[in-house]
Number of protein chains: 2
Amino acid sequence: MTEQSLLNPKREPSLAGIERAAAKVAEILPRTPLLPLEVDGVTIWCKAECLQPIGAFKIRGGWHRLSDLDDEQRKRGVVAFSSGNHAQGVAWAAKRLGMHATIVMPEDAPQSKMENTRALGAKLVTYDRMNGSREELAQELAAETGATVVPSFDDPWVVEGQGSCGLELREQIIAQTGLEADHIVACCGGGGLASGIALSNPDARITVAEPEGWDDMRRSLELGRIVPVEDNPPPTKCDALQTLKVAPITFEILKERGAKGIAVTSGEVEQAMRLAFEKLHLCVEPGGAVALAAVISGKAKASSQTAVTLSGGNVDRQLFAEILAR
Amino acid sequence: MTEQSLLNPKREPSLAGIERAAAKVAEILPRTPLLPLEVDGVTIWCKAECLQPIGAFKIRGGWHRLSDLDDEQRKRGVVAFSSGNHAQGVAWAAKRLGMHATIVMPEDAPQSKMENTRALGAKLVTYDRMNGSREELAQELAAETGATVVPSFDDPWVVEGQGSCGLELREQIIAQTGLEADHIVACCGGGGLASGIALSNPDARITVAEPEGWDDMRRSLELGRIVPVEDNPPPTKCDALQTLKVAPITFEILKERGAKGIAVTSGEVEQAMRLAFEKLHLCVEPGGAVALAAVISGKAKASSQTAVTLSGGNVDRQLFAEILAR
């Protein structure tokens, strides 16, 4: 793929693009570790993305997208919509590049995510998660200023950026075991991370994990076409995964790879958070623990070549304390 | 130093020995990350040893010591005394080498540390921390079976093994900043980690951090001679640092390097634990947070070339939840 075609916003994300993203990420971010964890006598591998400077893998897509903007685009800034982790990823990249960032966040986003996004210098605009359209609000804000909209998953750069996590994971599991991952379970909201991992691990079986009631990617993959979250989804602590509908760019990659979806309960998520605390000494947020929850529940079959993403750690202190104490 | 002299139990720990330990450690353990953390506008560097498979740096000394035992010694097993982290380090190494390990632990050690040590296949023997002599008990047990006693810090292998943490830290801070660490603050019980770091970072200023009332290394360094913890020390949550007296092997290294000691309060320790949770998404145990506590309290001066050890993460869930919720 030529440099020119890599800058086309309508292009498909590609392995070449992921390799370029990974090289850019490696220049500024140390690798997150791939940690072994014994589950029922089998050692699986956990990619600890909660150790990124913003506490989530979203820094990858934010950096790949923003650092590819030209001088004129950089002057006009960016607008993003996010429940918090993509917000911080974009705000972090904007700060580093000296750009202006406006972030549209649901008014019920975790306090810590809002505060961290503000602390990175971004301007926050809130909306009602269940009624407002964050996409429309972001488009309006961007139209006013000529800013570039950076979607949280429906974008080739963002998928490629998140794919750099998969490329690292691939190299790390080979370094530690001598073999490729045969099964990767990824946390899934819009599917940016999962589809990026699928592209960068062409021989692995891919499973996406979602919270019960928000398992629209699972249902879409079963039906072979995109369906939204059903009406009145249940409340969930997995704020990072409350995506109402996935996008063709992520869905088609996962569909083509024969990916399957798994829905996990809140009890399984909390058990995964406690296990990550006790055995790995990591603070994982609910949405970042669904892949591990899928494995420890037995819903996703695990082997010594299975890897899971621990995709974020931005959870409010009180909530984490409550879950630990249970 | 020759291979023969490196096997003499009366020898001094050396940089050559640390380099050998680091090479052995690198064969079996992925490097723990050195994570940036902003404190009052200055980015310091945190060596996340709580991410070791046993949740603490003690795996290094345990592995270096046990893997150097000869076939005859391996058959007779090892005895160690520890409040929990050294226990797990020795038990982990023994399991991997197919050896028998007996661990002497204080009866008030954290439940999780006892359970983890047992889960690694070691035999546990408990004693009363304030009245019993763990050294004598360990010597008696060893005399019965001909096992090798593995002290938790008073041993050249153990100091060298912990020093591998300092060697990694040195390489990592150079890789990330282009410069050496100019100041390293290490958590200190008996001083194995601190003295190993001092040997492997010959140009850095070394500070040891201890809990208030258990700051015998600080007092010893001020006086220029080893003094024990004073009578009736206050209760502390830093179980890993409740050493009643340091040893010449660690003290002399730190004294020669002009190391200084800092005592931190329990409030400062808890604040450091909350900061590590919120900004690094790590679960750090009280004793593993004293170095960070020394920096955030302002007692240890920090620059962009300052590094601290987050030396362990083995803390019971309920206690961590209580500290988070405060």
# chains A, B, ... in the order shown; residues from 1 in each chain; ligands from 1
>>> interface_residues(of="chain A", to="chain B", cutoff="7 Å", atoms="only C-alpha atoms", output="PyMOL selection string")
chain A and resi 50-51+55+277+280-283+313+317-318+321+324-325
>>> select_by_dssp(residues="stretch 170-317 of chain B", states="strand (DSSP E or B)", output="PyMOL selection string")
chain B and resi 183-187+205-211+260-264+282+306-310+312
>>> closest_residue(among="B:Thr148, B:Ser14, B:Thr117, B:Gln111", to="B:Ser200", atoms="only C-alpha atoms")
B:Ser14
>>> residues_around(residues="B:Ser195", least_positions_apart="3", cutoff="9 Å", atoms="only C-alpha atoms", output="PyMOL selection string")
chain B and resi 159-160+162-163+191-192+198-200+206+249-254
>>> write_last_selection(atoms="C-alpha atoms", output="PDB file, in the first residue's frame")
ATOM      1  CA  VAL B 159      21.599  -9.143  47.366  1.00  0.00           C
ATOM      2  CA  GLU B 160      22.852  -9.858  43.840  1.00  0.00           C
ATOM      3  CA  GLN B 162      17.659  -8.213  43.986  1.00  0.00           C
ATOM      4  CA  GLY B 163      20.382  -6.136  42.295  1.00  0.00           C
ATOM      5  CA  GLY B 191      18.144  -3.642  52.662  1.00  0.00           C
ATOM      6  CA  GLY B 192      18.669  -6.434  50.127  1.00  0.00           C
ATOM      7  CA  ALA B 198      23.229   0.678  44.926  1.00  0.00           C
ATOM      8  CA  LEU B 199      25.760  -1.786  43.489  1.00  0.00           C
ATOM      9  CA  SER B 200      24.122  -1.787  40.071  1.00  0.00           C
ATOM     10  CA  ILE B 206      20.481   6.158  46.990  1.00  0.00           C
ATOM     11  CA  ILE B 249      26.275  -7.205  54.142  1.00  0.00           C
ATOM     12  CA  THR B 250      23.552  -4.707  53.195  1.00  0.00           C
ATOM     13  CA  PHE B 251      24.435  -1.941  55.671  1.00  0.00           C
ATOM     14  CA  GLU B 252      28.077  -1.620  54.615  1.00  0.00           C
ATOM     15  CA  ILE B 253      27.173  -1.213  50.937  1.00  0.00           C
ATOM     16  CA  LEU B 254      24.655   1.524  51.720  1.00  0.00           C
TER      17      LEU B 254
END
>>> atom_distance(atom1="atom CA of A:Glu115", atom2="atom CA of B:Gln305")
27.2 Å
>>> residues_around(residues="B:Glu210", least_positions_apart="6", cutoff="7 Å", atoms="only C-alpha atoms", output="list in words")
Cys187, Cys188, Ile262, Ala263, Val264 and Val290 of chain B
>>> atom_distance(atom1="atom CA of B:Gly132", atom2="atom CA of B:Met99")
26.7 Å
